[in-house]
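Working notes for the structure below.
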Amino acid sequence: MEIQTSKGSTGMVVSVIGKLDAVTASDYEQKLNSLIADGETKFVVDFEKLDYISSAGLRAILATAKRIKAKSGKIVMANVSGTVKEVFDISGFGSIFPMYSSVASALTTVAG
Amino acid sequence: MPESKSIVTRLILVITLFCATIFAGTLGYNYTRSRAILEHELEANARNQALSLANRVERELVSVSKVAEGVARSLETSKHTEAELCGLLRSTLAANPGIYGSGVAYEPYAFSRVERLYGRYYHREDGKSNLIRLEDSYKELPYLYWDWYQIPRELGKSEWSEPYFGEGGGKILMSTCSIPFYDTTAGDKHLRGVVAADISLESLTELISSVRILKTGYAALYSRNGMILSHPQKEAVMNETFFNIAESRHDTTLRELGKKMVRGESGFVLYTSPDGARNWMYYTPIRTTGWTLSVVFPENELLENVRNLSMTMAAMGFGGLIMLSLAVVYIARSITRPLRSLVAVTEIMASGNFDVELPRARSNDEVGTLTNSFQAMATSLKEYVRNLTETTAAKERIESELNLATDIQASLLPRIFPPFPNRKEFEIYASMDPAKEVGGDFYDYFFIDDHKICFLIADVADKGVPAALYMMVAKTLLKSEGQRLGKPELILSCVNNILAADNDSCMFATVFCATLDTRSGEVHFASAGHNPPLLMTSQEIRYLAVRNGVVLGPMPDAVYNSETILLEPGDTLFLYTDGVSEAKNPEQQLYGEARLLQALHEAPNENLSDLIRHIRSEVQRYANGAPQSDDITMLAITYRGSAPED
C-alpha cells in the first residue's frame, strides 16, 4: 500500500494506492496523524487507486476522521468506486463522509 | 594418539618432510662437493707422492749411473794397467754401498794386444769383494754377445737392463747399468769397452712396497716392458706384467694404460679392480731406466672420511629430526589439547547444558583468545536461552489464556442445536469459526415474547482480542436492549448510542438484526452496515434488498430503518458475515457473492446444519490452503409455519 500526498489549492490531497487492510491500516493512520500534527486541517482522500478495503481500513478512516474533527477540520472522499464503493455503501459510510467524483470538486467543497 | 587427520600429524609430516628434504639436499650437496674437492686435491697429492717416490728411485739409479760414467770417463782418458783397473773397480765398489758389483769388459784386443777378450768384475760377497774374470766365466757365449755388452755397443749409449734375479744365493732383484766408453784418438770414435754397474733393487723395492697410502693404497714399480718390479702382492713381482693382468681381466682399458706407461707418459686415472673397487692411480716415468712408478689410492678409502662425516651428519640430522618432531608434537599438542577439550565442551553445550565448565585459557596466544571468546559466547548463549525460555513461557501463557478465551467466547454463543426443540415453527442453525483464537463475529437469537424470536448476526471491525472484547460488549447490549425494546430499528439505534458514547478507538460493528413472528411468518429487520442476507424460497434464492444504516458505534444518533418481509413455510433466511464472501484463495481472489449464491443452490437442504456445513466446506475448498483471513459466521433460519392452535 502506498500513500501519495500533494498540496491542493484548498487542502491536502491524500491518494491511497493498493489495499487498505489490517496490515496497512496503521501506515495510513500514521501518515494522516503526522499531517494533522503538521497543522493540516482540510483533507481530500482520493480512492481512485484503492483496490480493497477491510473493516480494519474502515476503522482507520474513522479514527483519523475523528481526529480531524477534533481539530475543527474537514475530510471528504473522492473517486470512490468499485468494490470499495460497495463496502462504503453497505456500511453506511456515505452518510458520514461526503463523496465526490473528482478531486477538484472535492477540493472546492472542503474549502468552504 | 592423534588421529590421522589431526593437526599434530599434519604438522609433523609436513615439517619433518621438509626438514628432511632440506637436510638431505644440503648433505648431498656437501658430499658431492667434498668429493669433488677431494678428488681435485687427490690428483695434486698423488702427483706429489708419485714424483717424490720417483725422485728417490731416480736418485739411486742416477747415482749408480754417474759412478759408472765416472769409471767410463776415467777409462777413456787414460790407459790403465790391470792393477789400476782392478783397484779402480774395487774402490768404486767400496765407495758406493748401493752398487752391488761393478765391472769392465773390453772390445777384442782393446785392452791387450795379446789377449782377445779381457773383462774384470767385482761384486760383494759376505762383506768382501769377489773378483770374476769375465773372459773365463761365460764359456758358452763370450761376453761380447751378452745383452749388457751388446746393446750399449750397438746403441752407442748407456743402457739400463731389464731387472733380473741375480746369481749368488738369495735371489736378489738386480738391474745393470752399462756405459760404453770410447777411444777418441785419431779423430773418430772407436768403442773400447763397456763399463757395467749392478744395483740391487731390493732397497728400492723395499722402499716402494713400504709406502702406505690410506689403508690399502700402495705404490708399484713397473719395468720398461711392464713387468711388475714392486707391488704389495709379492707373488706378482717378476711374475706378472701389467699386460698379463690386463689380459687375464679382459680389461682393455688396463692394456691401454699399460701402453701409455710403457711409452713413458704420466697421468691420473680411475680404474675398477675385479672385485669392483674403484681406484685412483697416478703414474709417472722413471726417466733414467724407462720404468714407471704408480701410486694407487682406493677411492672408498679416500672418500672414507667424507663418508664418515656424511654418516655422522646424517645421524645427527636424523636425531635432530626426531627431536624436532617431538618439539612439534609438544607445541601442536598445546594447541590441539585445548581445542579438543573445547570441542568436548561444545558438544555438552549443544545438548543443552550451558553450565559446563570451560577449560581455562592457559596461554596468551590465539588458542587462549579462542577459549576466552568461547567463554563469552557460552555466557551470552546462556543468557539468550534464558531469555528465550522466558519469552516462550510468556508466549505459552498468553496462548493458553487465549485458548481459554476462545472457550469462553465459544460458550457465550448459543451452541446447542436445536435450541428450542419444542418450538416446531422454525428451525435455526448457526456456526462461527474465528480466524484467530478469538474472533469479532457473533450471532445471537432469543425470544422477546412467546411468539417473537429475535435473531441477529454481527461483525466487529478487525479480528483478534480487540474485536473479541468489543464483541462481548456489543452482544450483551444487543441482547439486553433487544429483550427490552423488541423492534430491530430501535434496538440498533439504542445500542449505537451507548457504544458511540465511549468510542475513542473508533471500533464499530456491522449488525443485521431481525425478528420473526412465529404465528405469521412476518420478519422485521434492520441493518447497520451489514451485508444483506439471502432468502431461499421454493422458487428462488436471492439477496434481500436492504436499506443499510451506518455501522454501529462511530456515529451517535444514527437513524435505522426497519423493513418487513413475509416468510412462507419452508422459506429460509441465510445470514452470513463477509468472512464468507471475502474468503481469499492463494491467488488473492475473493470467494464472492455470486459463488455463495451458486453454492446455496447446490447445497443439501434437508436440514440447516448440512446446509451450513456444506457452505463451510465449499469456502474451505475455495481457500485451497490460503490462511483464513476473517471470521466465518453463518446463521440460517427456516420458517415451518405456525404451530397448531393449542
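In the C-alpha cells, chains take the letters A, B, ... in the order shown, each chain's residues start at 1, and ligands count up from 1 in the order shown.
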message = Residues of chain A were defined as contacting chain B if any atom lay at most 7 Å from it, counting only C-alpha atoms; please report them as an MDAnalysis selection string.
response = chainID A and resid 22 55:56 59 62:63 90:93
request  = Extract the full set of helix (DSSP H, G or I) residues from segment 405-541 of chain B according to DSSP on the backbone, and format it as JSON, numbers by chain.
outcome  = {"B": [405, 406, 407, 408, 409, 410, 411, 412, 465, 466, 467, 468, 469, 470, 471, 472, 473, 474, 475, 476, 477, 478, 479, 480, 481, 482, 483, 484, 485, 488, 489, 490, 491, 492, 493, 494, 495, 496, 497, 498, 499, 500, 501]}
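The gap separating atom CA of Met227 of chain B from atom CA of Leu201 of chain B is 13.8 Å, in Å to one decimal.
The list of residues with at least one atom within 9 Å of Met174 of chain B, based on only C-alpha atoms and without residues fewer than 3 positions apart in the same chain, reads Tyr100, Ser161, Glu162, Pro163, Tyr164, Phe165, Gly166, Asp198, Ile199, Ser200, Leu201 and Glu202 of chain B.
Closest approach to Tyr445 of chain B among B:Ile179, B:Met323, B:Ile612, B:Ile428: B:Ile428, based on only C-alpha atoms.
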note = In terms of only C-alpha atoms, the residue from A:Ile3, A:Val110, A:Leu58, A:Tyr52 at minimal distance from Lys31 of chain A is A:Ile3
Residue contacts of Ala60 of chain A (10 Å, only C-alpha atoms) excluding same-chain residues fewer than 4 positions away, as an MDAnalysis selection string = (chainID A and resid 20:22 24:30 32 54:56 64:66) or (chainID B and resid 505:507)
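Residue nearest Gly276 of chain B, chosen from B:Asn244, B:Gln539, B:Asn300, B:Ser112 and counting only C-alpha atoms: B:Asn300.
Close contacts of Glu606 of chain B, defined as residues with an atom at most 12 Å away when counting only C-alpha atoms, with chain neighbours fewer than 2 positions off set aside, comprise B:Glu427, B:Gly570, B:Thr572, B:Ala603, B:Pro604, B:Leu608, B:Ser609, B:Asp610, B:Leu611, B:Ile612, B:His614, B:Thr638.
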key: Near-segment 216-226 of chain B list (7 Å; only C-alpha atoms; drop same-chain fewer than 5 positions) as a ChimeraX atom specification   = /B:162,208-209,211,231-232,241-243,258,262,290-298
task = Could you give me the residues within segment 4-102 of chain A that DSSP places in strand (DSSP E), as number ranges by chain?
result = A: 4-7, 12-20, 42-46, 50-53, 74-78, 99-100
Output for the residues just chosen: N, CA and C atoms as a PDB file, in the first residue's frame:
ATOM      1  N   GLN A   4       0.323   8.681  -1.428  1.00  0.00           N
ATOM      2  CA  GLN A   4       0.945   9.856  -2.045  1.00  0.00           C
ATOM      3  C   GLN A   4       0.193  11.099  -1.589  1.00  0.00           C
ATOM      4  N   THR A   5       0.943  12.093  -1.205  1.00  0.00           N
ATOM      5  CA  THR A   5       0.285  13.329  -0.750  1.00  0.00           C
ATOM      6  C   THR A   5       0.685  14.483  -1.656  1.00  0.00           C
ATOM      7  N   SER A   6      -0.263  15.378  -1.875  1.00  0.00           N
ATOM      8  CA  SER A   6       0.080  16.596  -2.620  1.00  0.00           C
ATOM      9  C   SER A   6      -0.755  17.741  -2.071  1.00  0.00           C
ATOM     10  N   LYS A   7      -0.184  18.898  -2.093  1.00  0.00           N
ATOM     11  CA  LYS A   7      -0.890  20.053  -1.542  1.00  0.00           C
ATOM     12  C   LYS A   7      -1.798  20.611  -2.618  1.00  0.00           C
ATOM     13  N   MET A  12      -5.108  19.275   1.723  1.00  0.00           N
ATOM     14  CA  MET A  12      -4.154  18.198   1.452  1.00  0.00           C
ATOM     15  C   MET A  12      -4.860  17.110   0.663  1.00  0.00           C
ATOM     16  N   VAL A  13      -4.289  16.674  -0.453  1.00  0.00           N
ATOM     17  CA  VAL A  13      -4.855  15.558  -1.213  1.00  0.00           C
ATOM     18  C   VAL A  13      -4.042  14.305  -0.879  1.00  0.00           C
ATOM     19  N   VAL A  14      -4.747  13.319  -0.313  1.00  0.00           N
ATOM     20  CA  VAL A  14      -4.085  12.068   0.075  1.00  0.00           C
ATOM     21  C   VAL A  14      -4.584  10.956  -0.841  1.00  0.00           C
ATOM     22  N   SER A  15      -3.674  10.412  -1.678  1.00  0.00           N
ATOM     23  CA  SER A  15      -4.058   9.307  -2.565  1.00  0.00           C
ATOM     24  C   SER A  15      -3.640   7.990  -1.941  1.00  0.00           C
ATOM     25  N   VAL A  16      -4.622   7.086  -1.804  1.00  0.00           N
ATOM     26  CA  VAL A  16      -4.321   5.769  -1.236  1.00  0.00           C
ATOM     27  C   VAL A  16      -4.288   4.748  -2.368  1.00  0.00           C
ATOM     28  N   ILE A  17      -3.148   4.022  -2.476  1.00  0.00           N
ATOM     29  CA  ILE A  17      -2.968   3.093  -3.596  1.00  0.00           C
ATOM     30  C   ILE A  17      -2.773   1.682  -3.061  1.00  0.00           C
ATOM     31  N   GLY A  18      -3.559   0.766  -3.606  1.00  0.00           N
ATOM     32  CA  GLY A  18      -3.349  -0.634  -3.227  1.00  0.00           C
ATOM     33  C   GLY A  18      -4.465  -1.148  -2.345  1.00  0.00           C
ATOM     34  N   LYS A  19      -4.111  -1.748  -1.203  1.00  0.00           N
ATOM     35  CA  LYS A  19      -5.088  -2.339  -0.296  1.00  0.00           C
ATOM     36  C   LYS A  19      -5.005  -1.656   1.052  1.00  0.00           C
ATOM     37  N   LEU A  20      -6.191  -1.400   1.632  1.00  0.00           N
ATOM     38  CA  LEU A  20      -6.205  -0.846   2.985  1.00  0.00           C
ATOM     39  C   LEU A  20      -6.800  -1.927   3.885  1.00  0.00           C
ATOM     40  N   LYS A  42      -7.635  20.463   6.302  1.00  0.00           N
ATOM     41  CA  LYS A  42      -8.557  20.109   5.227  1.00  0.00           C
ATOM     42  C   LYS A  42      -7.955  18.977   4.397  1.00  0.00           C
ATOM     43  N   PHE A  43      -8.763  17.891   4.291  1.00  0.00           N
ATOM     44  CA  PHE A  43      -8.229  16.699   3.617  1.00  0.00           C
ATOM     45  C   PHE A  43      -9.182  16.210   2.548  1.00  0.00           C
ATOM     46  N   VAL A  44      -8.635  15.834   1.399  1.00  0.00           N
ATOM     47  CA  VAL A  44      -9.392  15.108   0.381  1.00  0.00           C
ATOM     48  C   VAL A  44      -8.695  13.779   0.177  1.00  0.00           C
ATOM     49  N   VAL A  45      -9.412  12.672   0.453  1.00  0.00           N
ATOM     50  CA  VAL A  45      -8.810  11.354   0.273  1.00  0.00           C
ATOM     51  C   VAL A  45      -9.241  10.804  -1.068  1.00  0.00           C
ATOM     52  N   ASP A  46      -8.240  10.528  -1.927  1.00  0.00           N
ATOM     53  CA  ASP A  46      -8.509  10.060  -3.284  1.00  0.00           C
ATOM     54  C   ASP A  46      -8.428   8.536  -3.298  1.00  0.00           C
ATOM     55  N   LEU A  50      -7.471   2.688  -4.999  1.00  0.00           N
ATOM     56  CA  LEU A  50      -7.618   1.722  -3.921  1.00  0.00           C
ATOM     57  C   LEU A  50      -8.404   0.523  -4.417  1.00  0.00           C
ATOM     58  N   ASP A  51      -7.822  -0.684  -4.282  1.00  0.00           N
ATOM     59  CA  ASP A  51      -8.474  -1.897  -4.802  1.00  0.00           C
ATOM     60  C   ASP A  51      -9.378  -2.560  -3.779  1.00  0.00           C
ATOM     61  N   TYR A  52      -9.020  -2.442  -2.501  1.00  0.00           N
ATOM     62  CA  TYR A  52      -9.709  -3.265  -1.498  1.00  0.00           C
ATOM     63  C   TYR A  52      -9.634  -2.548  -0.153  1.00  0.00           C
ATOM     64  N   ILE A  53     -10.733  -2.638   0.584  1.00  0.00           N
ATOM     65  CA  ILE A  53     -10.707  -2.086   1.940  1.00  0.00           C
ATOM     66  C   ILE A  53     -11.375  -3.083   2.871  1.00  0.00           C
ATOM     67  N   LYS A  74     -11.849  19.235   8.234  1.00  0.00           N
ATOM     68  CA  LYS A  74     -12.844  18.591   7.385  1.00  0.00           C
ATOM     69  C   LYS A  74     -12.162  17.530   6.538  1.00  0.00           C
ATOM     70  N   ILE A  75     -12.858  16.400   6.327  1.00  0.00           N
ATOM     71  CA  ILE A  75     -12.300  15.353   5.461  1.00  0.00           C
ATOM     72  C   ILE A  75     -13.395  14.850   4.545  1.00  0.00           C
ATOM     73  N   VAL A  76     -13.127  14.801   3.226  1.00  0.00           N
ATOM     74  CA  VAL A  76     -14.078  14.282   2.252  1.00  0.00           C
ATOM     75  C   VAL A  76     -13.394  13.238   1.380  1.00  0.00           C
ATOM     76  N   MET A  77     -14.276  12.442   0.700  1.00  0.00           N
ATOM     77  CA  MET A  77     -13.739  11.360  -0.126  1.00  0.00           C
ATOM     78  C   MET A  77     -13.911  11.710  -1.589  1.00  0.00           C
ATOM     79  N   ALA A  78     -12.982  11.231  -2.428  1.00  0.00           N
ATOM     80  CA  ALA A  78     -13.123  11.437  -3.869  1.00  0.00           C
ATOM     81  C   ALA A  78     -12.828  10.145  -4.604  1.00  0.00           C
ATOM     82  N   MET A  99     -18.989  12.123  -0.493  1.00  0.00           N
ATOM     83  CA  MET A  99     -18.168  11.501  -1.527  1.00  0.00           C
ATOM     84  C   MET A  99     -18.346  12.232  -2.832  1.00  0.00           C
ATOM     85  N   TYR A 100     -17.225  12.498  -3.540  1.00  0.00           N
ATOM     86  CA  TYR A 100     -17.264  13.271  -4.785  1.00  0.00           C
ATOM     87  C   TYR A 100     -16.620  12.462  -5.903  1.00  0.00           C
TER      88      TYR A 100
END
inquiry  = Please list as JSON, numbers by chain every residue within 9 Å of Leu575 of chain B, counting only C-alpha atoms and excluding residues in the same chain fewer than 2 positions away.
reply    = {"B": [456, 457, 512, 531, 532, 533, 534, 535, 573, 577, 633, 634, 635, 636, 637]}
